[in-house]
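Below is one structure, written out as structure tokens, with a few remarks after it.
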Amino acid sequence: MISDVAAILLVEDDPSTSEAVALALEGYGHDVETAATGDEALERWRRLRPDLVLLDVMLPGRDGLDVCREIRREDRVPIIMLTARSDPIDVVLGLESGADDYVTKPFETRVLLARIKAVLRRGEPSAAEGVRRFGNVMIDPVGMVVTRSGEEVHLTPTELRLLLDLSRRPGQVFTRQLLLERVWDYDYLGDSRLVDVCVQRLRAKVEDDPADPTLIQTVRGVGYKLVDPR
Amino acid sequence: MRRGRPLGLRARLVMTFAVLAAVVALAVAGISYAVVRGITLRRAMEVAVGDAQVHLDDAAATLPGDPTESELRRFLVGLRSRSRAEVVALAGDRSETTTISLTASSIPDDVRTAVEAGRLVAKRTARGRRAVLVVGGAVQPDGPAFFFFYPQQDVADDLTLLARVLTVTSGVLVVVSAGVGAAAASGVLRPIRRTRAAVREVAAGDLDTQLPAEGSDDLAELARAFNTMTAALRRTVGDLRELEAGQRRFVSDVSHELRTPLTALTTACDVLDANKDGLTDAGRRAARIVVVESRRLAALVEDLMEISRMDAGAADMTLERIDVVRSIDGALRSRGWDGQVAVHADGRPTTFIDARRLDAIIGNLVGNARTYGRPPIAVSVGSTADTVEIDVTDAGDGILPQHLSRVFDRFYKADRSRSSGGTGLGLAIARENARLHGGDITVASEPGHGATFTVRLPRRREA
């Protein structure tokens, strides 16, 4: 069970920013550990196993994208990227390397808190519902387990929440905005690239051929739908 | 004097060839016709005069000086079988003829006068509508006079035929020449067309366009000059791109450098704000100033970044299909302004648009109306097949005419004594946002009766 208070690893190279953000989050009861370099971040993460990682993209030495990929190789812990640039390519790269969400600097504390809360919520099991089966893919909403041809597929909480939402009504088209509201908790104007990149990551894990998806299909100009391949 | 549009090169070449051919053909045909006509008529006359002379000699030999009516008639009957001509004979007051239709009055007066004077004459004339050659002569002075009417219609018909043949041939020649002119024009125009196509490619932005420059004629010279020009353009554009890339890097670097301290500052301010109860009164007041001004500084940096990106052409656009009215409602709701602003809509237009930029536009214009105008504030949406129009109206004091044209200027303040808390870049950014979509924002105001900002955006059917 995850409470509203979490153990957070904050990876940020600027000491003032690091201290200020830690102060702010601790003010809301979170338990914050900090790291200033990529290597330090990986070391702290292995030792502390936090509930959430806040990861600055621009780090001296090993950069945030690299750290993100390294963590993803072993774990599904929620990761929020802190990006100083709003250069669109950085956001996409961050998401593709496995981040669940991103916040652009400078940010307001309440915005960061809202993103943290939304990401943590995704790890909680949903209400009791039956197991769903689509071709060789099986989804257990209560056990939070997905298998493909009998083997467990390791999904991050965001990917799992997206799959659960899409599979709740097979065949129904979900707009990107609706998925942003339901999965990411954006009430207005979320970044639709979050959805696109997450769908790509999900396809890579559950589709037989991610380049020619049969389960999660794109509806051009609108959004996505999950289709029962039977 | 200039007349209308000058003709194209092809038309001019074709016309020149045709006119030239027409002049030559007319000259050749005209001279040929004149020469042939002269020869033909002379021959016909020689034949007729020769024939008449034979019969006149015959008459001199066989007829008495004053023949009787029957002698004359017999002679004429004999003539009928020997000559093509129809004949009228005059002897004293009597006249005899080989054909009933022919009478003494058929003889032209001048011919008759000349014959009476003792001459042998020939004249081309017409009987009815048929061409005839009249040859007249007397057997001896005061003797009977004979007038031979030779039919000349065959000669006239031949000449008419000749004229027709020459006319038709000339016409064909003109048409063929025009065709040759057109073909020649194609030959000359091909390199010109190639040049035109190359110029268009350059105009469309393809600076790698080259023209083949073989030979040493004027066109090859033009091609070489063209190639030199594109090479120069490539260099200039390359330099400009490098400059632009440098500027973008600078914007990006400045953005990063400013945001890092700002992030620390704004976050620390949030902490300060949350802990203000523990401060003294003076500390609390100082903290409030720090909090407010750091937020303002963050907004200013954010706006500066945005407008620098726009200036550098580095603004990214994410076009999505958007229900305009729904987006406006969302923009108002997310700022807590719903209920304070009336939204009127004529239909529910949708268009492909960058939702974030539309949100920024609406946020800015309505925010402006709230700051500088007075309620009621209204947003109305109208649309046609290819535009969406959004009016933001307030009921404040309006904008004085001298300020109207400048409200979109950066850091322009109509009332210098008033501090709005804004960055001074809001309207400039809003207008740029509209222009990025190919639209614009305009303002109209009557002092004392509020102001209306109108956003006009083209309606896109696809991204």
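The way I read the labels, and the way they are meant: chains A, B, ... in the order of the structure tokens, residue 1 as the first residue of every chain, and ligand 1 as the first ligand shown, with later ones counted on from there.
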Q: Based on DSSP run over this structure's backbone, return all residues of stretch 24-244 of chain B in helix (DSSP H, G or I), as a PyMOL selection string.
A: chain B and resi 24-62+69-82+104-106+109-116+153-203+218-244
Q: When you get a sec, could you note down which chain B residues fall within 8 Å of chain A, using only C-alpha atoms, as a PyMOL selection string?
A: chain B and resi 252+255-256+259-268+270-271+298+316+320-321+330+334+355-356
I need the chosen residues saved as a short mmCIF file (atom, residue, chain, number, x, y, z; two decimals), in the first residue's frame, with N, CA and C atoms.
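part_26.cif written:
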```
data_model
loop_
_atom_site.label_atom_id
_atom_site.label_comp_id
_atom_site.auth_asym_id
_atom_site.auth_seq_id
_atom_site.Cartn_x
_atom_site.Cartn_y
_atom_site.Cartn_z
N SER B 252 18.68 28.74 -26.37
CA SER B 252 18.60 27.52 -25.58
C SER B 252 19.51 27.61 -24.35
N SER B 255 18.18 30.12 -21.89
CA SER B 255 17.02 29.50 -21.26
C SER B 255 17.46 28.62 -20.10
N HIS B 256 18.45 27.77 -20.37
CA HIS B 256 18.91 26.86 -19.33
C HIS B 256 19.55 27.61 -18.17
N ARG B 259 16.90 29.42 -16.13
CA ARG B 259 15.89 28.62 -15.46
C ARG B 259 16.42 27.93 -14.22
N THR B 260 17.69 27.59 -14.24
CA THR B 260 18.22 26.89 -13.07
C THR B 260 18.10 27.75 -11.80
N PRO B 261 18.67 28.99 -11.80
CA PRO B 261 18.48 29.79 -10.59
C PRO B 261 17.01 30.11 -10.32
N LEU B 262 16.23 30.28 -11.40
CA LEU B 262 14.81 30.61 -11.19
C LEU B 262 14.06 29.46 -10.53
N THR B 263 14.43 28.23 -10.90
CA THR B 263 13.78 27.08 -10.29
C THR B 263 14.04 27.07 -8.79
N ALA B 264 15.31 27.28 -8.43
CA ALA B 264 15.66 27.33 -7.00
C ALA B 264 14.88 28.45 -6.31
N LEU B 265 14.85 29.61 -6.98
CA LEU B 265 14.21 30.79 -6.40
C LEU B 265 12.71 30.58 -6.19
N THR B 266 12.01 30.12 -7.25
CA THR B 266 10.56 29.99 -7.13
C THR B 266 10.19 28.89 -6.14
N THR B 267 10.97 27.81 -6.15
CA THR B 267 10.66 26.74 -5.21
C THR B 267 10.90 27.21 -3.78
N ALA B 268 12.03 27.94 -3.56
CA ALA B 268 12.32 28.47 -2.23
C ALA B 268 11.21 29.43 -1.79
N ASP B 270 8.08 29.26 -2.69
CA ASP B 270 6.93 28.45 -2.29
C ASP B 270 7.10 27.97 -0.84
N VAL B 271 8.34 27.60 -0.49
CA VAL B 271 8.60 27.16 0.88
C VAL B 271 8.38 28.33 1.85
N ALA B 298 9.90 35.05 -13.07
CA ALA B 298 9.80 33.76 -13.77
C ALA B 298 8.93 33.91 -15.01
N ASP B 316 7.86 25.51 -32.00
CA ASP B 316 7.32 24.25 -32.52
C ASP B 316 5.80 24.29 -32.49
N GLU B 320 -3.48 19.75 -33.58
CA GLU B 320 -4.45 18.71 -33.25
C GLU B 320 -5.82 19.22 -33.64
N ARG B 321 -6.73 18.28 -33.86
CA ARG B 321 -8.10 18.67 -34.17
C ARG B 321 -8.76 19.13 -32.88
N GLY B 330 -12.24 25.46 -21.61
CA GLY B 330 -11.15 24.87 -20.83
C GLY B 330 -10.16 25.93 -20.37
N SER B 334 -9.58 26.53 -16.44
CA SER B 334 -8.29 26.23 -15.81
C SER B 334 -7.71 27.46 -15.11
N ALA B 355 -3.15 23.48 -29.58
CA ALA B 355 -4.07 23.73 -28.47
C ALA B 355 -3.42 24.63 -27.41
N ARG B 356 -2.11 24.42 -27.16
CA ARG B 356 -1.41 25.20 -26.16
C ARG B 356 -1.36 26.67 -26.55
#
```
Q) Contacts of B:Gly143 at 9 Å or less, counting only C-alpha atoms, minus same-chain residues fewer than 5 places along, as a PyMOL selection string? A) chain B and resi 64-67+90-92+138
Emit the selected residues as a tab-separated table (two decimals), in the first residue's frame, including N, CA and C atoms.
```tsv
chain	number	residue	atom	x	y	z
B	64	PRO	N	-18.54	40.65	-154.11
B	64	PRO	CA	-18.41	41.89	-154.87
B	64	PRO	C	-18.37	43.06	-153.91
B	65	GLY	N	-17.95	44.21	-154.42
B	65	GLY	CA	-17.82	45.43	-153.58
B	65	GLY	C	-19.13	45.82	-152.95
B	66	ASP	N	-20.21	45.58	-153.66
B	66	ASP	CA	-21.54	45.91	-153.10
B	66	ASP	C	-22.42	44.68	-153.20
B	67	PRO	N	-22.25	43.74	-152.25
B	67	PRO	CA	-22.94	42.45	-152.40
B	67	PRO	C	-24.42	42.59	-152.15
B	90	LEU	N	-22.06	44.23	-141.99
B	90	LEU	CA	-22.80	45.46	-142.31
B	90	LEU	C	-22.44	45.86	-143.75
B	91	ALA	N	-23.46	46.03	-144.56
B	91	ALA	CA	-23.22	46.52	-145.93
B	91	ALA	C	-24.25	47.58	-146.20
B	92	GLY	N	-23.78	48.82	-146.27
B	92	GLY	CA	-24.72	49.92	-146.43
B	92	GLY	C	-25.65	49.96	-145.24
B	138	ALA	N	-13.19	46.03	-142.45
B	138	ALA	CA	-13.94	46.18	-143.71
B	138	ALA	C	-13.17	45.47	-144.82
```
Can you tell me which residues surround stretch 430-446 of chain B at a distance of at most 6 Å, considering only C-alpha atoms, apart from same-chain residues fewer than 5 positions away, and format the answer as a PDB file with N, CA and C atoms, in the first residue's frame?
```pdb
ATOM      1  N   ARG B 357      -1.167  26.914 -27.850  1.00  0.00           N
ATOM      2  CA  ARG B 357      -1.067  28.300 -28.311  1.00  0.00           C
ATOM      3  C   ARG B 357      -2.432  28.991 -28.286  1.00  0.00           C
ATOM      4  N   ILE B 361      -3.383  32.314 -26.164  1.00  0.00           N
ATOM      5  CA  ILE B 361      -4.041  33.488 -26.747  1.00  0.00           C
ATOM      6  C   ILE B 361      -5.253  33.894 -25.914  1.00  0.00           C
ATOM      7  N   GLY B 398     -11.895  51.529 -22.740  1.00  0.00           N
ATOM      8  CA  GLY B 398     -11.436  51.452 -24.120  1.00  0.00           C
ATOM      9  C   GLY B 398      -9.999  51.916 -24.252  1.00  0.00           C
ATOM     10  N   ILE B 399      -9.535  51.981 -25.485  1.00  0.00           N
ATOM     11  CA  ILE B 399      -8.146  52.357 -25.752  1.00  0.00           C
ATOM     12  C   ILE B 399      -8.157  53.603 -26.629  1.00  0.00           C
ATOM     13  N   ALA B 451     -13.172  47.665 -25.441  1.00  0.00           N
ATOM     14  CA  ALA B 451     -12.314  47.292 -26.566  1.00  0.00           C
ATOM     15  C   ALA B 451     -12.662  45.876 -27.015  1.00  0.00           C
ATOM     16  N   THR B 452     -12.424  45.615 -28.291  1.00  0.00           N
ATOM     17  CA  THR B 452     -12.632  44.275 -28.819  1.00  0.00           C
ATOM     18  C   THR B 452     -11.367  43.809 -29.518  1.00  0.00           C
ATOM     19  N   PHE B 453     -10.811  42.698 -29.035  1.00  0.00           N
ATOM     20  CA  PHE B 453      -9.686  42.053 -29.713  1.00  0.00           C
ATOM     21  C   PHE B 453     -10.247  40.908 -30.549  1.00  0.00           C
ATOM     22  N   THR B 454      -9.870  40.881 -31.820  1.00  0.00           N
ATOM     23  CA  THR B 454     -10.389  39.852 -32.712  1.00  0.00           C
ATOM     24  C   THR B 454      -9.265  38.929 -33.187  1.00  0.00           C
ATOM     25  N   VAL B 455      -9.424  37.649 -32.867  1.00  0.00           N
ATOM     26  CA  VAL B 455      -8.458  36.642 -33.330  1.00  0.00           C
ATOM     27  C   VAL B 455      -9.031  35.995 -34.580  1.00  0.00           C
ATOM     28  N   ARG B 456      -8.268  36.045 -35.650  1.00  0.00           N
ATOM     29  CA  ARG B 456      -8.738  35.419 -36.887  1.00  0.00           C
ATOM     30  C   ARG B 456      -7.777  34.287 -37.231  1.00  0.00           C
ATOM     31  N   LEU B 457      -8.287  33.073 -37.313  1.00  0.00           N
ATOM     32  CA  LEU B 457      -7.421  31.920 -37.605  1.00  0.00           C
ATOM     33  C   LEU B 457      -7.955  31.184 -38.823  1.00  0.00           C
ATOM     34  N   PRO B 458      -7.052  30.771 -39.730  1.00  0.00           N
ATOM     35  CA  PRO B 458      -7.529  29.979 -40.863  1.00  0.00           C
ATOM     36  C   PRO B 458      -7.995  28.609 -40.367  1.00  0.00           C
TER      37      PRO B 458
END
```
Q: Can you pull out every residue within 12 Å of B:Asp218, counting only C-alpha atoms, but drop anything in the same chain fewer than 6 positions away, and send it as number ranges by chain?
A: B: 188, 191-192, 224-225
Take the residues from that selection and put them in a file with N, CA and C atoms, as a PDB file, in the first residue's frame.
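Okay, this is what ended up in result_25.pdb:
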```pdb
ATOM      1  N   VAL B 188      13.637  27.230 -79.906  1.00  0.00           N
ATOM      2  CA  VAL B 188      14.229  28.378 -79.221  1.00  0.00           C
ATOM      3  C   VAL B 188      13.759  28.425 -77.770  1.00  0.00           C
ATOM      4  N   PRO B 191      15.263  25.916 -74.179  1.00  0.00           N
ATOM      5  CA  PRO B 191      16.193  26.376 -73.129  1.00  0.00           C
ATOM      6  C   PRO B 191      15.587  27.450 -72.245  1.00  0.00           C
ATOM      7  N   ILE B 192      14.704  28.265 -72.821  1.00  0.00           N
ATOM      8  CA  ILE B 192      14.065  29.318 -72.015  1.00  0.00           C
ATOM      9  C   ILE B 192      13.135  28.679 -70.989  1.00  0.00           C
ATOM     10  N   ARG B 224      25.254  30.140 -67.295  1.00  0.00           N
ATOM     11  CA  ARG B 224      26.417  30.286 -66.410  1.00  0.00           C
ATOM     12  C   ARG B 224      26.137  31.341 -65.340  1.00  0.00           C
ATOM     13  N   ALA B 225      25.531  32.457 -65.756  1.00  0.00           N
ATOM     14  CA  ALA B 225      25.208  33.516 -64.791  1.00  0.00           C
ATOM     15  C   ALA B 225      24.231  32.983 -63.740  1.00  0.00           C
TER      16      ALA B 225
END
```
Q: Considering only C-alpha atoms, return as number ranges by chain whatever protein or nucleic-acid residues lie within 10 Å of stretch 166-176 of chain B, sequence-local ones (same chain, fewer than 6 positions apart) excluded.
A: B: 14-15, 17-30, 32-33, 160, 182
Find the residues around A:Val137 up to 8 Å (only C-alpha atoms counted), leave out those fewer than 2 positions away in its own chain, and share them as a CSV table (one decimal) with C-alpha atoms, in the first residue's frame.
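New file result18.csv:
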```csv
chain,number,residue,atom,x,y,z
A,133,ARG,CA,-7.7,-12.0,-22.3
A,134,PHE,CA,-6.9,-10.6,-25.7
A,135,GLY,CA,-5.3,-13.3,-28.0
A,139,ILE,CA,-4.4,-8.8,-18.0
A,146,VAL,CA,0.2,-8.9,-17.5
A,147,THR,CA,1.3,-12.0,-19.3
A,148,ARG,CA,2.0,-12.6,-23.0
A,149,SER,CA,2.0,-16.3,-24.1
A,206,VAL,CA,2.9,-6.7,-25.7
```
Q: Have a look at atom CA of A:Ala35 and atom CA of A:Glu12 and let me know their distance in Å, one decimal.
A: 6.4 Å
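Across the model, the gap from atom CA of B:Ala312 to atom CA of B:Phe250 is 10.2 Å.
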Q. Mind pulling up the distance from atom CA of B:Gly136 to atom CA of B:Val111?
A. 6.7 Å
**Q.** Picked from stretch 28-220 of chain A by DSSP as strand (DSSP E or B), as a PyMOL selection string
**A.** chain A and resi 31-35+52-56+79-83+101-104+132-134+137-140+145-148+151-153+174-175+216-219
Writing out the chosen residues with N, CA and C atoms as an mmCIF file, in the first residue's frame:
```
data_model
loop_
_atom_site.group_PDB
_atom_site.id
_atom_site.type_symbol
_atom_site.label_atom_id
_atom_site.label_comp_id
_atom_site.auth_asym_id
_atom_site.auth_seq_id
_atom_site.Cartn_x
_atom_site.Cartn_y
_atom_site.Cartn_z
ATOM 1 N N ASP A 31 9.729 12.033 2.057
ATOM 2 C CA ASP A 31 11.057 11.711 2.548
ATOM 3 C C ASP A 31 12.008 11.845 1.363
ATOM 4 N N VAL A 32 12.906 12.846 1.400
ATOM 5 C CA VAL A 32 13.703 13.144 0.211
ATOM 6 C C VAL A 32 15.183 12.847 0.422
ATOM 7 N N GLU A 33 15.752 12.085 -0.509
ATOM 8 C CA GLU A 33 17.210 11.904 -0.567
ATOM 9 C C GLU A 33 17.684 12.579 -1.850
ATOM 10 N N THR A 34 18.894 13.142 -1.839
ATOM 11 C CA THR A 34 19.356 13.825 -3.041
ATOM 12 C C THR A 34 20.625 13.185 -3.591
ATOM 13 N N ALA A 35 20.798 13.392 -4.907
ATOM 14 C CA ALA A 35 22.039 12.984 -5.564
ATOM 15 C C ALA A 35 22.370 14.062 -6.588
ATOM 16 N N LEU A 52 9.880 6.779 -5.787
ATOM 17 C CA LEU A 52 9.794 7.670 -6.941
ATOM 18 C C LEU A 52 11.148 8.340 -7.170
ATOM 19 N N VAL A 53 11.489 8.562 -8.464
ATOM 20 C CA VAL A 53 12.731 9.260 -8.770
ATOM 21 C C VAL A 53 12.399 10.547 -9.532
ATOM 22 N N LEU A 54 12.919 11.695 -9.027
ATOM 23 C CA LEU A 54 12.832 12.966 -9.764
ATOM 24 C C LEU A 54 14.193 13.169 -10.409
ATOM 25 N N LEU A 55 14.221 13.216 -11.739
ATOM 26 C CA LEU A 55 15.495 13.119 -12.435
ATOM 27 C C LEU A 55 15.722 14.316 -13.347
ATOM 28 N N ASP A 56 16.759 15.090 -13.048
ATOM 29 C CA ASP A 56 17.146 16.206 -13.915
ATOM 30 C C ASP A 56 17.800 15.634 -15.174
ATOM 31 N N ILE A 79 9.298 7.419 -12.648
ATOM 32 C CA ILE A 79 10.345 8.425 -12.853
ATOM 33 C C ILE A 79 9.720 9.674 -13.472
ATOM 34 N N ILE A 80 9.970 10.836 -12.853
ATOM 35 C CA ILE A 80 9.539 12.116 -13.437
ATOM 36 C C ILE A 80 10.792 12.888 -13.835
ATOM 37 N N MET A 81 10.871 13.276 -15.109
ATOM 38 C CA MET A 81 12.027 14.031 -15.581
ATOM 39 C C MET A 81 11.839 15.508 -15.246
ATOM 40 N N LEU A 82 12.931 16.133 -14.787
ATOM 41 C CA LEU A 82 12.927 17.589 -14.609
ATOM 42 C C LEU A 82 13.742 18.128 -15.772
ATOM 43 N N THR A 83 13.108 18.917 -16.636
ATOM 44 C CA THR A 83 13.854 19.389 -17.792
ATOM 45 C C THR A 83 13.929 20.903 -17.817
ATOM 46 N N ASP A 101 6.604 10.833 -16.761
ATOM 47 C CA ASP A 101 6.038 12.170 -16.906
ATOM 48 C C ASP A 101 7.205 13.150 -16.861
ATOM 49 N N TYR A 102 6.930 14.420 -17.128
ATOM 50 C CA TYR A 102 8.005 15.396 -17.031
ATOM 51 C C TYR A 102 7.463 16.716 -16.517
ATOM 52 N N VAL A 103 8.345 17.512 -15.918
ATOM 53 C CA VAL A 103 7.987 18.845 -15.433
ATOM 54 C C VAL A 103 9.051 19.802 -15.956
ATOM 55 N N THR A 104 8.596 20.939 -16.479
ATOM 56 C CA THR A 104 9.537 21.900 -17.047
ATOM 57 C C THR A 104 9.921 22.950 -16.012
ATOM 58 N N ARG A 132 -8.782 -10.215 -17.970
ATOM 59 C CA ARG A 132 -9.153 -10.022 -19.379
ATOM 60 C C ARG A 132 -8.125 -10.716 -20.263
ATOM 61 N N ARG A 133 -8.623 -11.289 -21.367
ATOM 62 C CA ARG A 133 -7.724 -12.001 -22.267
ATOM 63 C C ARG A 133 -7.935 -11.496 -23.690
ATOM 64 N N PHE A 134 -6.861 -11.110 -24.328
ATOM 65 C CA PHE A 134 -6.915 -10.648 -25.727
ATOM 66 C C PHE A 134 -5.849 -11.414 -26.497
ATOM 67 N N VAL A 137 -2.455 -12.295 -24.918
ATOM 68 C CA VAL A 137 -2.168 -11.360 -23.832
ATOM 69 C C VAL A 137 -3.242 -11.472 -22.753
ATOM 70 N N MET A 138 -2.797 -11.637 -21.490
ATOM 71 C CA MET A 138 -3.742 -11.746 -20.389
ATOM 72 C C MET A 138 -3.474 -10.642 -19.385
ATOM 73 N N ILE A 139 -4.553 -9.973 -18.954
ATOM 74 C CA ILE A 139 -4.398 -8.841 -18.043
ATOM 75 C C ILE A 139 -5.156 -9.136 -16.752
ATOM 76 N N ASP A 140 -4.448 -9.043 -15.610
ATOM 77 C CA ASP A 140 -5.084 -9.246 -14.304
ATOM 78 C C ASP A 140 -5.080 -7.925 -13.559
ATOM 79 N N VAL A 145 -0.887 -7.834 -12.972
ATOM 80 C CA VAL A 145 0.043 -8.669 -13.719
ATOM 81 C C VAL A 145 -0.439 -8.795 -15.158
ATOM 82 N N VAL A 146 0.494 -8.710 -16.092
ATOM 83 C CA VAL A 146 0.171 -8.917 -17.498
ATOM 84 C C VAL A 146 1.085 -10.020 -18.023
ATOM 85 N N THR A 147 0.503 -10.995 -18.710
ATOM 86 C CA THR A 147 1.341 -12.031 -19.309
ATOM 87 C C THR A 147 1.105 -12.061 -20.811
ATOM 88 N N ARG A 148 2.161 -12.445 -21.536
ATOM 89 C CA ARG A 148 2.038 -12.628 -22.974
ATOM 90 C C ARG A 148 2.558 -14.027 -23.286
ATOM 91 N N GLU A 151 4.113 -15.781 -20.310
ATOM 92 C CA GLU A 151 5.254 -15.179 -19.617
ATOM 93 C C GLU A 151 4.901 -13.787 -19.122
ATOM 94 N N GLU A 152 5.350 -13.448 -17.913
ATOM 95 C CA GLU A 152 5.002 -12.149 -17.364
ATOM 96 C C GLU A 152 5.712 -11.029 -18.130
ATOM 97 N N VAL A 153 4.942 -9.992 -18.442
ATOM 98 C CA VAL A 153 5.494 -8.814 -19.107
ATOM 99 C C VAL A 153 5.695 -7.754 -18.039
ATOM 100 N N PHE A 174 -10.175 5.964 -27.712
ATOM 101 C CA PHE A 174 -9.849 6.919 -26.653
ATOM 102 C C PHE A 174 -9.037 8.050 -27.263
ATOM 103 N N THR A 175 -9.473 9.296 -27.079
ATOM 104 C CA THR A 175 -8.656 10.415 -27.559
ATOM 105 C C THR A 175 -7.451 10.558 -26.637
ATOM 106 N N ILE A 216 -3.103 -2.827 -29.956
ATOM 107 C CA ILE A 216 -3.340 -1.402 -29.692
ATOM 108 C C ILE A 216 -3.185 -0.656 -31.013
ATOM 109 N N GLN A 217 -4.302 -0.224 -31.534
ATOM 110 C CA GLN A 217 -4.283 0.364 -32.868
ATOM 111 C C GLN A 217 -4.456 1.880 -32.831
ATOM 112 N N THR A 218 -3.789 2.554 -33.768
ATOM 113 C CA THR A 218 -3.884 4.006 -33.879
ATOM 114 C C THR A 218 -5.124 4.360 -34.703
ATOM 115 N N VAL A 219 -5.898 5.323 -34.212
ATOM 116 C CA VAL A 219 -7.006 5.857 -35.013
ATOM 117 C C VAL A 219 -6.563 7.246 -35.442
#
```
